[in-house]
$ cat model-v2.cif   # mmCIF, C-alpha atoms
data_model
loop_
_atom_site.group_PDB
_atom_site.id
_atom_site.type_symbol
_atom_site.label_atom_id
_atom_site.label_comp_id
_atom_site.auth_asym_id
_atom_site.auth_seq_id
_atom_site.Cartn_x
_atom_site.Cartn_y
_atom_site.Cartn_z
ATOM 1 C CA MET Q 5 -78.671 -16.060 -14.143
ATOM 2 C CA ILE Q 6 -78.659 -13.555 -11.302
ATOM 3 C CA LYS Q 7 -75.160 -12.587 -10.284
ATOM 4 C CA LYS Q 8 -74.582 -11.916 -6.633
ATOM 5 C CA LEU Q 9 -72.939 -8.691 -5.660
ATOM 6 C CA ILE Q 10 -70.007 -9.383 -3.421
ATOM 7 C CA THR Q 11 -68.779 -6.382 -1.474
ATOM 8 C CA THR Q 12 -65.815 -6.332 0.827
ATOM 9 C CA ILE Q 13 -65.688 -3.691 3.552
ATOM 10 C CA PHE Q 14 -62.326 -2.639 4.923
ATOM 11 C CA SER Q 15 -62.419 -0.705 8.182
ATOM 12 C CA ILE Q 16 -59.201 1.207 8.551
ATOM 13 C CA LEU Q 17 -58.240 2.817 11.867
ATOM 14 C CA ILE Q 18 -56.375 6.077 11.736
ATOM 15 C CA CYS Q 19 -53.754 4.636 14.076
ATOM 16 C CA SER Q 20 -53.112 1.657 11.761
ATOM 17 C CA LEU Q 21 -49.760 1.044 10.150
ATOM 18 C CA PHE Q 22 -50.866 2.499 6.813
ATOM 19 C CA PHE Q 23 -52.184 5.749 8.182
ATOM 20 C CA GLY Q 24 -50.406 5.747 11.520
ATOM 21 C CA GLN Q 25 -48.459 8.712 12.759
ATOM 22 C CA LYS Q 26 -45.670 6.459 14.063
ATOM 23 C CA THR Q 27 -44.442 5.559 10.572
ATOM 24 C CA LYS Q 28 -42.721 8.141 8.415
ATOM 25 C CA GLU Q 29 -42.793 6.043 5.243
ATOM 26 C CA LYS Q 30 -44.309 7.809 2.269
ATOM 27 C CA VAL Q 31 -47.603 6.287 1.155
ATOM 28 C CA PRO Q 32 -47.449 5.614 -2.607
ATOM 29 C CA ASN Q 33 -49.784 7.629 -4.846
ATOM 30 C CA THR Q 34 -52.166 6.118 -7.405
ATOM 31 C CA GLN Q 35 -49.686 6.294 -10.290
ATOM 32 C CA GLU Q 36 -46.982 4.574 -8.247
ATOM 33 C CA ILE Q 37 -49.440 1.869 -7.228
ATOM 34 C CA LEU Q 38 -50.545 1.360 -10.846
ATOM 35 C CA LYS Q 39 -46.913 1.107 -11.980
ATOM 36 C CA GLU Q 40 -46.121 -1.546 -9.379
ATOM 37 C CA ILE Q 41 -49.288 -3.529 -10.110
ATOM 38 C CA SER Q 42 -48.651 -3.374 -13.878
ATOM 39 C CA GLU Q 43 -45.078 -4.574 -13.494
ATOM 40 C CA LYS Q 44 -46.249 -7.601 -11.507
ATOM 41 C CA THR Q 45 -49.023 -8.303 -14.017
ATOM 42 C CA CYS Q 46 -46.566 -7.994 -16.904
ATOM 43 C CA LYS Q 47 -44.407 -10.708 -15.323
ATOM 44 C CA CYS Q 48 -47.455 -12.974 -15.309
ATOM 45 C CA ILE Q 49 -48.119 -12.133 -18.977
ATOM 46 C CA ASP Q 50 -44.452 -12.818 -19.800
ATOM 47 C CA SER Q 51 -45.034 -16.410 -18.704
ATOM 48 C CA ILE Q 52 -47.839 -16.972 -21.249
ATOM 49 C CA ASN Q 53 -46.856 -19.265 -24.095
ATOM 50 C CA GLY Q 54 -48.628 -17.988 -27.195
ATOM 51 C CA TYR Q 55 -47.374 -20.689 -29.548
ATOM 52 C CA ASN Q 56 -50.083 -22.462 -31.526
ATOM 53 C CA LYS Q 57 -52.930 -20.938 -29.507
ATOM 54 C CA ILE Q 58 -56.042 -19.261 -30.857
ATOM 55 C CA LYS Q 59 -56.773 -15.647 -29.985
ATOM 56 C CA ASP Q 60 -59.564 -16.431 -27.514
ATOM 57 C CA SER Q 61 -57.290 -18.739 -25.532
ATOM 58 C CA ILE Q 62 -54.545 -16.105 -25.311
ATOM 59 C CA ASN Q 63 -57.056 -13.431 -24.286
ATOM 60 C CA ARG Q 64 -58.350 -15.666 -21.497
ATOM 61 C CA GLU Q 65 -54.844 -16.164 -20.115
ATOM 62 C CA ILE Q 66 -54.162 -12.424 -20.257
ATOM 63 C CA ASN Q 67 -57.479 -11.809 -18.505
ATOM 64 C CA ILE Q 68 -56.514 -14.215 -15.699
ATOM 65 C CA CYS Q 69 -53.233 -12.334 -15.145
ATOM 66 C CA ILE Q 70 -54.991 -8.964 -14.935
ATOM 67 C CA ASP Q 71 -57.907 -10.280 -12.908
ATOM 68 C CA LYS Q 72 -55.547 -11.496 -10.164
ATOM 69 C CA THR Q 73 -54.445 -7.929 -9.417
ATOM 70 C CA VAL Q 74 -57.678 -5.949 -9.797
ATOM 71 C CA LEU Q 75 -58.841 -6.138 -6.172
ATOM 72 C CA VAL Q 76 -55.380 -5.414 -4.800
ATOM 73 C CA TYR Q 77 -55.083 -2.376 -7.078
ATOM 74 C CA SER Q 78 -58.599 -1.172 -6.281
ATOM 75 C CA MET Q 79 -57.989 -1.478 -2.540
ATOM 76 C CA SER Q 80 -54.549 0.143 -2.691
ATOM 77 C CA LYS Q 81 -55.645 3.174 -4.691
ATOM 78 C CA ASN Q 82 -58.623 3.695 -2.374
ATOM 79 C CA LEU Q 83 -56.308 3.513 0.624
ATOM 80 C CA ALA Q 84 -53.979 6.027 -1.033
ATOM 81 C CA LYS Q 85 -56.872 8.385 -1.755
ATOM 82 C CA THR Q 86 -58.124 8.078 1.818
ATOM 83 C CA ASN Q 87 -54.647 8.777 3.151
ATOM 84 C CA ALA Q 88 -54.406 11.881 0.960
ATOM 85 C CA ASP Q 89 -57.795 13.092 2.242
ATOM 86 C CA ILE Q 90 -56.618 12.565 5.835
ATOM 87 C CA GLU Q 91 -53.461 14.577 5.203
ATOM 88 C CA ARG Q 92 -55.524 17.412 3.703
ATOM 89 C CA GLY Q 93 -57.850 17.351 6.681
ATOM 90 C CA LYS Q 94 -60.859 16.255 4.619
ATOM 91 C CA ILE Q 95 -61.320 13.186 6.853
ATOM 92 C CA LYS Q 96 -61.154 13.588 10.628
ATOM 93 C CA ASP Q 97 -63.018 10.502 11.813
ATOM 94 C CA LYS Q 98 -61.017 7.861 13.673
ATOM 95 C CA LYS Q 99 -62.534 5.127 11.566
ATOM 96 C CA VAL Q 100 -62.691 4.991 7.770
ATOM 97 C CA ASN Q 101 -64.765 2.520 5.752
ATOM 98 C CA ILE Q 102 -63.457 1.656 2.291
ATOM 99 C CA THR Q 103 -65.774 -0.316 0.027
ATOM 100 C CA ILE Q 104 -64.234 -2.534 -2.665
ATOM 101 C CA ASN Q 105 -66.661 -4.135 -5.104
ATOM 102 C CA SER Q 106 -65.398 -7.558 -6.215
ATOM 103 C CA ASN Q 107 -68.187 -8.182 -8.732
ATOM 104 C CA PRO Q 108 -66.509 -8.292 -12.202
ATOM 105 C CA GLU Q 109 -69.610 -6.668 -13.712
ATOM 106 C CA SER Q 110 -69.533 -3.660 -11.379
ATOM 107 C CA GLU Q 111 -68.378 -0.263 -12.625
ATOM 108 C CA ASP Q 112 -65.715 -0.013 -9.902
ATOM 109 C CA TYR Q 113 -64.221 -3.363 -10.838
ATOM 110 C CA LYS Q 114 -64.259 -2.599 -14.573
ATOM 111 C CA LYS Q 115 -62.669 0.794 -14.007
ATOM 112 C CA SER Q 116 -59.747 -0.733 -12.099
ATOM 113 C CA TYR Q 117 -59.404 -3.554 -14.626
ATOM 114 C CA TYR Q 118 -59.334 -1.137 -17.574
ATOM 115 C CA GLU Q 119 -56.801 1.139 -15.869
ATOM 116 C CA ILE Q 120 -54.398 -1.791 -15.425
ATOM 117 C CA GLU Q 121 -55.057 -3.003 -18.955
ATOM 118 C CA ALA Q 122 -54.433 0.437 -20.485
ATOM 119 C CA ASP Q 123 -51.134 0.805 -18.619
ATOM 120 C CA LEU Q 124 -50.035 -2.650 -19.758
ATOM 121 C CA MET Q 125 -50.769 -1.814 -23.394
ATOM 122 C CA LYS Q 126 -48.363 1.114 -23.062
ATOM 123 C CA ASN Q 127 -45.665 -0.459 -20.926
ATOM 124 C CA CYS Q 128 -45.748 -4.257 -21.321
ATOM 125 C CA PRO Q 129 -44.272 -5.214 -24.729
ATOM 126 C CA ARG Q 130 -45.099 -8.892 -24.251
ATOM 127 C CA LEU Q 131 -48.800 -8.044 -24.078
ATOM 128 C CA ARG Q 132 -48.742 -6.432 -27.519
ATOM 129 C CA ASP Q 133 -46.674 -9.315 -28.879
ATOM 130 C CA LEU Q 134 -49.350 -11.754 -27.764
ATOM 131 C CA VAL Q 135 -52.379 -9.821 -29.005
ATOM 132 C CA THR Q 136 -50.808 -8.966 -32.367
ATOM 133 C CA ALA Q 137 -49.596 -12.491 -33.133
ATOM 134 C CA ALA Q 138 -50.779 -13.631 -36.563
ATOM 135 C CA GLU Q 139 -53.621 -16.093 -36.332
ATOM 136 C CA SER Q 140 -53.645 -19.062 -38.677
ATOM 137 C CA LYS Q 141 -55.138 -22.527 -38.561
ATOM 138 C CA TYR Q 142 -52.893 -23.750 -41.359
ATOM 139 C CA ASP Q 143 -50.086 -24.799 -39.075
ATOM 140 C CA GLU Q 144 -47.807 -26.860 -41.279
ATOM 141 C CA ILE Q 145 -44.229 -25.711 -41.698
ATOM 142 C CA THR Q 146 -42.358 -26.812 -44.802
ATOM 143 C CA LYS Q 147 -40.980 -30.343 -44.813
ATOM 144 C CA ASN Q 148 -38.225 -29.312 -47.208
ATOM 145 C CA PRO Q 149 -35.038 -28.801 -45.152
ATOM 146 C CA ILE Q 150 -33.402 -26.552 -47.766
ATOM 147 C CA ALA Q 151 -36.500 -24.335 -47.957
ATOM 148 C CA LEU Q 152 -36.552 -24.160 -44.165
ATOM 149 C CA ASP Q 153 -32.888 -23.148 -44.080
ATOM 150 C CA PHE Q 154 -33.498 -20.258 -46.493
ATOM 151 C CA TYR Q 155 -36.600 -19.313 -44.504
ATOM 152 C CA ASN Q 156 -34.599 -19.079 -41.271
ATOM 153 C CA LYS Q 157 -31.968 -16.963 -43.011
ATOM 154 C CA ALA Q 158 -34.757 -14.653 -44.176
ATOM 155 C CA ILE Q 159 -36.084 -14.386 -40.623
ATOM 156 C CA ASP Q 160 -32.608 -13.435 -39.389
ATOM 157 C CA ALA Q 161 -32.329 -10.775 -42.100
ATOM 158 C CA SER Q 162 -35.750 -9.392 -41.172
ATOM 159 C CA LYS Q 163 -34.665 -9.043 -37.545
ATOM 160 C CA LYS Q 164 -31.848 -6.819 -38.812
ATOM 161 C CA GLU Q 165 -34.379 -4.973 -41.028
ATOM 162 C CA ASP Q 166 -32.423 -6.029 -44.098
ATOM 163 C CA TRP Q 167 -35.587 -6.450 -46.127
ATOM 164 C CA LYS Q 168 -33.896 -7.029 -49.496
ATOM 165 C CA ASP Q 169 -31.744 -9.856 -48.159
ATOM 166 C CA ALA Q 170 -34.836 -11.313 -46.501
ATOM 167 C CA ILE Q 171 -36.734 -11.184 -49.811
ATOM 168 C CA LYS Q 172 -33.821 -12.930 -51.583
ATOM 169 C CA ASN Q 173 -33.914 -15.791 -49.064
ATOM 170 C CA TYR Q 174 -37.701 -16.073 -49.066
ATOM 171 C CA LYS Q 175 -37.590 -16.380 -52.852
ATOM 172 C CA LEU Q 176 -35.011 -19.165 -52.567
ATOM 173 C CA ALA Q 177 -37.220 -20.898 -49.990
ATOM 174 C CA LEU Q 178 -40.216 -20.652 -52.323
ATOM 175 C CA GLU Q 179 -38.226 -22.094 -55.217
ATOM 176 C CA LYS Q 180 -37.754 -25.200 -53.096
ATOM 177 C CA ASP Q 181 -41.320 -25.223 -51.745
ATOM 178 C CA PRO Q 182 -43.810 -23.081 -53.721
ATOM 179 C CA LYS Q 183 -46.576 -23.936 -51.215
ATOM 180 C CA PHE Q 184 -44.696 -22.631 -48.188
ATOM 181 C CA ILE Q 185 -47.372 -20.176 -47.018
ATOM 182 C CA TYR Q 186 -45.332 -18.613 -44.208
ATOM 183 C CA ALA Q 187 -42.701 -17.649 -46.767
ATOM 184 C CA TRP Q 188 -45.395 -16.048 -48.980
ATOM 185 C CA ASP Q 189 -46.845 -14.196 -46.003
ATOM 186 C CA ASN Q 190 -43.492 -12.902 -44.813
ATOM 187 C CA ILE Q 191 -42.154 -11.947 -48.220
ATOM 188 C CA GLY Q 192 -45.329 -9.893 -48.592
ATOM 189 C CA ILE Q 193 -44.471 -8.033 -45.398
ATOM 190 C CA CYS Q 194 -40.932 -7.407 -46.642
ATOM 191 C CA TYR Q 195 -42.186 -6.042 -49.970
ATOM 192 C CA ARG Q 196 -44.502 -3.727 -48.058
ATOM 193 C CA ARG Q 197 -41.583 -2.545 -45.930
ATOM 194 C CA ILE Q 198 -39.664 -1.392 -49.016
ATOM 195 C CA GLY Q 199 -42.729 0.159 -50.647
ATOM 196 C CA GLU Q 200 -43.290 -2.482 -53.337
ATOM 197 C CA TYR Q 201 -46.993 -2.690 -52.581
ATOM 198 C CA ASP Q 202 -48.142 -4.538 -55.710
ATOM 199 C CA ASN Q 203 -45.575 -7.270 -55.095
ATOM 200 C CA ALA Q 204 -46.769 -7.454 -51.488
ATOM 201 C CA ILE Q 205 -50.403 -7.918 -52.541
ATOM 202 C CA ASN Q 206 -49.356 -10.534 -55.093
ATOM 203 C CA ALA Q 207 -47.512 -12.477 -52.365
ATOM 204 C CA TYR Q 208 -50.526 -12.368 -50.052
ATOM 205 C CA ASN Q 209 -52.769 -13.602 -52.852
ATOM 206 C CA LYS Q 210 -50.350 -16.480 -53.528
ATOM 207 C CA SER Q 211 -50.669 -17.425 -49.851
ATOM 208 C CA LEU Q 212 -54.467 -17.318 -50.098
ATOM 209 C CA GLU Q 213 -54.426 -19.592 -53.157
ATOM 210 C CA ILE Q 214 -52.835 -22.222 -50.927
ATOM 211 C CA TYR Q 215 -54.934 -21.507 -47.828
ATOM 212 C CA PRO Q 216 -57.948 -19.227 -48.517
ATOM 213 C CA LYS Q 217 -58.652 -18.721 -44.806
ATOM 214 C CA GLY Q 218 -55.272 -17.231 -43.974
ATOM 215 C CA LYS Q 219 -56.082 -14.348 -41.659
ATOM 216 C CA MET Q 220 -52.672 -12.720 -41.898
ATOM 217 C CA PRO Q 221 -52.701 -12.237 -45.702
ATOM 218 C CA LEU Q 222 -56.380 -11.224 -45.693
ATOM 219 C CA GLN Q 223 -55.680 -8.517 -43.137
ATOM 220 C CA ASN Q 224 -52.425 -7.412 -44.720
ATOM 221 C CA ILE Q 225 -53.983 -6.936 -48.147
ATOM 222 C CA ALA Q 226 -56.283 -4.352 -46.569
ATOM 223 C CA MET Q 227 -53.381 -2.658 -44.804
ATOM 224 C CA THR Q 228 -51.328 -2.568 -48.011
ATOM 225 C CA TYR Q 229 -54.140 -0.827 -49.885
ATOM 226 C CA VAL Q 230 -54.116 1.782 -47.120
ATOM 227 C CA TYR Q 231 -50.407 2.349 -47.801
ATOM 228 C CA LYS Q 232 -51.276 2.698 -51.499
ATOM 229 C CA LYS Q 233 -53.908 5.300 -50.516
ATOM 230 C CA GLU Q 234 -56.573 3.217 -52.248
ATOM 231 C CA TYR Q 235 -59.004 3.476 -49.391
ATOM 232 C CA GLN Q 236 -62.111 1.980 -50.962
ATOM 233 C CA LYS Q 237 -60.103 -1.086 -51.999
ATOM 234 C CA ALA Q 238 -58.829 -1.293 -48.425
ATOM 235 C CA ILE Q 239 -62.401 -1.212 -47.106
ATOM 236 C CA ASP Q 240 -63.408 -3.889 -49.639
ATOM 237 C CA ALA Q 241 -60.458 -6.017 -48.497
ATOM 238 C CA TYR Q 242 -61.564 -5.707 -44.866
ATOM 239 C CA MET Q 243 -65.039 -6.826 -45.936
ATOM 240 C CA ASN Q 244 -63.428 -9.883 -47.580
ATOM 241 C CA LEU Q 245 -61.817 -10.596 -44.210
ATOM 242 C CA ASP Q 246 -65.274 -10.298 -42.633
ATOM 243 C CA LYS Q 247 -66.650 -12.955 -45.002
ATOM 244 C CA VAL Q 248 -64.089 -15.459 -43.750
ATOM 245 C CA TYR Q 249 -64.023 -14.272 -40.109
ATOM 246 C CA PRO Q 250 -67.483 -12.781 -39.393
ATOM 247 C CA ASN Q 251 -67.631 -10.162 -36.637
ATOM 248 C CA ASP Q 252 -63.879 -10.029 -36.250
ATOM 249 C CA PRO Q 253 -63.144 -6.729 -34.483
ATOM 250 C CA GLU Q 254 -60.151 -6.089 -36.762
ATOM 251 C CA VAL Q 255 -62.587 -5.534 -39.632
ATOM 252 C CA TYR Q 256 -64.471 -2.780 -37.797
ATOM 253 C CA TYR Q 257 -61.331 -1.301 -36.264
ATOM 254 C CA GLY Q 258 -59.531 -1.229 -39.607
ATOM 255 C CA ILE Q 259 -62.418 0.394 -41.465
ATOM 256 C CA GLY Q 260 -62.949 2.816 -38.600
ATOM 257 C CA GLN Q 261 -59.311 3.886 -38.791
ATOM 258 C CA ILE Q 262 -59.630 4.517 -42.528
ATOM 259 C CA TYR Q 263 -62.657 6.756 -42.013
ATOM 260 C CA TYR Q 264 -60.974 8.544 -39.108
ATOM 261 C CA ASP Q 265 -57.400 8.986 -40.368
ATOM 262 C CA TYR Q 266 -57.862 9.309 -44.119
ATOM 263 C CA LEU Q 267 -61.455 9.927 -45.195
ATOM 264 C CA LYS Q 268 -62.101 12.342 -42.312
ATOM 265 C CA ASP Q 269 -65.608 11.032 -41.684
ATOM 266 C CA ASN Q 270 -65.896 11.068 -37.889
ATOM 267 C CA GLU Q 271 -69.441 9.726 -37.775
ATOM 268 C CA LYS Q 272 -68.692 6.598 -39.812
ATOM 269 C CA ALA Q 273 -65.392 6.188 -37.987
ATOM 270 C CA LEU Q 274 -67.154 6.306 -34.615
ATOM 271 C CA ASP Q 275 -69.757 3.744 -35.658
ATOM 272 C CA TYR Q 276 -67.131 1.229 -36.784
ATOM 273 C CA ILE Q 277 -64.759 1.828 -33.865
ATOM 274 C CA ALA Q 278 -67.665 1.487 -31.416
ATOM 275 C CA LYS Q 279 -68.490 -1.907 -32.931
ATOM 276 C CA ALA Q 280 -64.847 -2.957 -32.580
ATOM 277 C CA TYR Q 281 -64.817 -1.684 -28.984
ATOM 278 C CA ASN Q 282 -67.812 -3.835 -28.052
ATOM 279 C CA ILE Q 283 -66.308 -6.989 -29.550
ATOM 280 C CA TYR Q 284 -62.898 -6.359 -27.963
ATOM 281 C CA THR Q 285 -64.654 -5.890 -24.624
ATOM 282 C CA THR Q 286 -66.591 -9.136 -25.015
ATOM 283 C CA GLN Q 287 -63.398 -10.966 -25.982
ATOM 284 C CA LYS Q 288 -61.540 -9.351 -23.065
ATOM 285 C CA SER Q 289 -58.983 -8.196 -25.615
ATOM 286 C CA PRO Q 290 -56.513 -5.507 -24.513
ATOM 287 C CA TYR Q 291 -57.084 -3.858 -27.898
ATOM 288 C CA ARG Q 292 -60.188 -2.421 -26.279
ATOM 289 C CA THR Q 293 -57.966 0.389 -24.988
ATOM 290 C CA ASP Q 294 -56.875 1.338 -28.531
ATOM 291 C CA ALA Q 295 -60.503 1.585 -29.637
ATOM 292 C CA GLU Q 296 -61.346 3.609 -26.534
ATOM 293 C CA THR Q 297 -58.509 6.035 -27.322
ATOM 294 C CA ILE Q 298 -59.812 6.681 -30.843
ATOM 295 C CA ILE Q 299 -63.337 7.176 -29.499
ATOM 296 C CA GLY Q 300 -61.845 9.825 -27.209
ATOM 297 C CA TYR Q 301 -60.192 11.588 -30.166
ATOM 298 C CA ILE Q 302 -63.433 11.502 -32.142
ATOM 299 C CA TYR Q 303 -65.289 12.929 -29.154
ATOM 300 C CA LYS Q 304 -62.981 15.955 -29.079
ATOM 301 C CA LYS Q 305 -63.399 16.566 -32.802
ATOM 302 C CA MET Q 306 -67.174 16.172 -32.807
ATOM 303 C CA LYS Q 307 -67.412 18.384 -29.720
ATOM 304 C CA ASP Q 308 -65.487 21.107 -31.556
ATOM 305 C CA GLU Q 309 -67.869 20.688 -34.505
ATOM 306 C CA GLY Q 310 -70.916 21.017 -32.248
ATOM 307 C CA LYS Q 311 -71.977 17.418 -32.917
ATOM 308 C CA ILE Q 312 -72.141 16.042 -29.378
ATOM 309 C CA ASP Q 313 -75.763 14.931 -29.847
ATOM 310 C CA LYS Q 314 -74.753 12.935 -32.925
ATOM 311 C CA PHE Q 315 -71.808 11.460 -30.991
ATOM 312 C CA LYS Q 316 -74.161 10.308 -28.223
ATOM 313 C CA GLU Q 317 -76.647 8.955 -30.763
ATOM 314 C CA ILE Q 318 -74.018 6.761 -32.453
ATOM 315 C CA LEU Q 319 -72.757 5.414 -29.142
ATOM 316 C CA LYS Q 320 -76.315 4.729 -27.974
ATOM 317 C CA LYS Q 321 -77.000 2.829 -31.196
ATOM 318 C CA ASN Q 322 -73.999 0.666 -30.336
ATOM 319 C CA ASN Q 323 -75.154 0.196 -26.712
ATOM 320 C CA ILE Q 324 -72.278 2.207 -25.282
ATOM 321 C CA ARG Q 325 -73.082 4.455 -22.367
ATOM 322 C CA PHE Q 326 -71.660 7.948 -22.536
ATOM 323 C CA GLU Q 327 -71.271 10.006 -19.384
#
$ encode --input "model-v2.cif" --output "structure tokens"
Amino acid sequence: MIKKLITTIFSILICSLFFGQKTKEKVPNTQEILKEISEKTCKCIDSINGYNKIKDSINREINICIDKTVLVYSMSKNLAKTNADIERGKIKDKKVNITINSNPESEDYKKSYYEIEADLMKNCPRLRDLVTAAESKYDEITKNPIALDFYNKAIDASKKEDWKDAIKNYKLALEKDPKFIYAWDNIGICYRRIGEYDNAINAYNKSLEIYPKGKMPLQNIAMTYVYKKEYQKAIDAYMNLDKVYPNDPEVYYGIGQIYYDYLKDNEKALDYIAKAYNIYTTQKSPYRTDAETIIGYIYKKMKDEGKIDKFKEILKKNNIRFE
């Protein structure tokens, strides 16, 4: 399907309100514009209800919120740049043409979209809450009211970071309902918090015995092996996640982080992170910015090592253009 390129041309007169000499109001700079746009977009994201929704659905809703502001941001930052050029004397014509490309596949559009997205990942907590929400298709809560009461007490203790009290209540919940998978998942997290990694892995495995496709325990087993500094077991655990959820970007991102942070193998790290980056981009996941950041770190290291050609080769293999 051939996509039409839609281009909007804004002709701005020097004597207009924005650039006019009659107004003394300070024209906002690009950072100020980005901050204002991000705050408005964050309010839209705050309204997203993530309960009982799959990842793709949440990503689509986030994408809609960001997409609404891309053209406004792109236009505003171009106006700000033009105004700055006028003030510096770089532009002296009485008429200025500003071209805004509204095609979502254009480089200009993507650049503006990614700038908003990156700022939101830093400054919009709700965005990270949505994209990091545990994904599970086993959606039954316990039907045992006593187990549920202990579970809620454990949740309250966890909010206070009283992990031992949380573990005590999760155990009581599991005595009443041994198949309460959310209790197994969460007690595993609590054990990990206090450094009892073997107990954490045991809890995750108990959860998987009940529901073998549980994404949260599968992913957390890998993370716990990282805490144990058993990196090959962590990689194997991520590959187990891949068997259940093929081409999940968390597999590639997780393995890439292990190679980058712990095994100090930049080439393997780059290959895995690049794969994660491509999938995040396809999914319109804000985690794309995290992958992009690590690629930037790897670039600096490989540049210092004189391996820029290898860096470009790996990106090319993953169909990522490097400029």
$ resolve_selection --input "model-v2.cif" --expression "the PyMOL selection byres ((chain Q and resi 170-184) around 9)" --output "NGL selection string"
:Q and (144-148 or 150-162 or 165-169 or 185-192 or 194-195 or 210-211 or 214)
$ atom_distance --input "model-v2.cif" --atom1 "atom CA of Q:Asp123" --atom2 "atom CA of Q:Leu75"
16.2 Å
$ closest_residue --input "model-v2.cif" --among "Q:Asp60, Q:Asp50, Q:Asp112, Q:Glu43" --to "Q:Leu131" --atoms "all atoms listed in the file"
Q:Asp50
$ closest_residue --input "model-v2.cif" --among "Q:Lys247, Q:Tyr117, Q:Leu212, Q:Ile205" --to "Q:Lys232" --atoms "all atoms listed in the file"
Q:Ile205
$ resolve_selection --input "model-v2.cif" --expression "the PyMOL selection byres ((chain Q and resi 291) around 12)" --output "PyMOL selection string"
chain Q and resi 59+63+66+118+121-126+131-136+253-254+257+277+280-290+292-298
$ residues_around --input "model-v2.cif" --residues "Q:Ile318" --least-positions-apart "5" --cutoff "10 Å" --atoms "only C-alpha atoms" --output "ChimeraX atom specification"
/Q:271-272,274-276,278,312-313,323-324
$ residues_around --input "model-v2.cif" --residues "Q:Tyr242" --least-positions-apart "5" --cutoff "8 Å" --atoms "all atoms listed in the file" --output "PyMOL selection string"
chain Q and resi 222-223+226+255+258-259
$ atom_distance --input "model-v2.cif" --atom1 "atom CA of Q:Ser61" --atom2 "atom CA of Q:Cys128"
19.0 Å
$ residues_around --input "model-v2.cif" --residues "Q:Ala238" --least-positions-apart "5" --cutoff "9 Å" --atoms "all atoms listed in the file" --output "PyMOL selection string"
chain Q and resi 225-230+233+243+258-259+262
$ resolve_selection --input "model-v2.cif" --expression "the PyMOL selection byres ((chain Q and resi 32-42) around 10)" --output "MDAnalysis selection string"
chainID Q and resid 29:31 43:48 70 73:74 76:78 80:85 87:88 116 119:125 127:128
$ write_last_selection --input "model-v2.cif" --atoms "C-alpha atoms" --output "short mmCIF file (atom, residue, chain, number, x, y, z; two decimals), keeping the file's coordinate frame"
data_model
loop_
_atom_site.label_atom_id
_atom_site.label_comp_id
_atom_site.auth_asym_id
_atom_site.auth_seq_id
_atom_site.Cartn_x
_atom_site.Cartn_y
_atom_site.Cartn_z
CA GLU Q 29 -42.79 6.04 5.24
CA LYS Q 30 -44.31 7.81 2.27
CA VAL Q 31 -47.60 6.29 1.16
CA GLU Q 43 -45.08 -4.57 -13.49
CA LYS Q 44 -46.25 -7.60 -11.51
CA THR Q 45 -49.02 -8.30 -14.02
CA CYS Q 46 -46.57 -7.99 -16.90
CA LYS Q 47 -44.41 -10.71 -15.32
CA CYS Q 48 -47.46 -12.97 -15.31
CA ILE Q 70 -54.99 -8.96 -14.94
CA THR Q 73 -54.44 -7.93 -9.42
CA VAL Q 74 -57.68 -5.95 -9.80
CA VAL Q 76 -55.38 -5.41 -4.80
CA TYR Q 77 -55.08 -2.38 -7.08
CA SER Q 78 -58.60 -1.17 -6.28
CA SER Q 80 -54.55 0.14 -2.69
CA LYS Q 81 -55.64 3.17 -4.69
CA ASN Q 82 -58.62 3.70 -2.37
CA LEU Q 83 -56.31 3.51 0.62
CA ALA Q 84 -53.98 6.03 -1.03
CA LYS Q 85 -56.87 8.38 -1.76
CA ASN Q 87 -54.65 8.78 3.15
CA ALA Q 88 -54.41 11.88 0.96
CA SER Q 116 -59.75 -0.73 -12.10
CA GLU Q 119 -56.80 1.14 -15.87
CA ILE Q 120 -54.40 -1.79 -15.42
CA GLU Q 121 -55.06 -3.00 -18.95
CA ALA Q 122 -54.43 0.44 -20.48
CA ASP Q 123 -51.13 0.80 -18.62
CA LEU Q 124 -50.04 -2.65 -19.76
CA MET Q 125 -50.77 -1.81 -23.39
CA ASN Q 127 -45.66 -0.46 -20.93
CA CYS Q 128 -45.75 -4.26 -21.32
#
$ atom_distance --input "model-v2.cif" --atom1 "atom CA of Q:Tyr208" --atom2 "atom CA of Q:Asp252"
19.3 Å
$ closest_residue --input "model-v2.cif" --among "Q:Met79, Q:Lys314, Q:Asp240, Q:Lys219" --to "Q:Ile58" --atoms "all atoms listed in the file"
Q:Lys219
$ closest_residue --input "model-v2.cif" --among "Q:Pro108, Q:Pro149, Q:Pro129, Q:Gly260" --to "Q:Tyr235" --atoms "all atoms listed in the file"
Q:Gly260
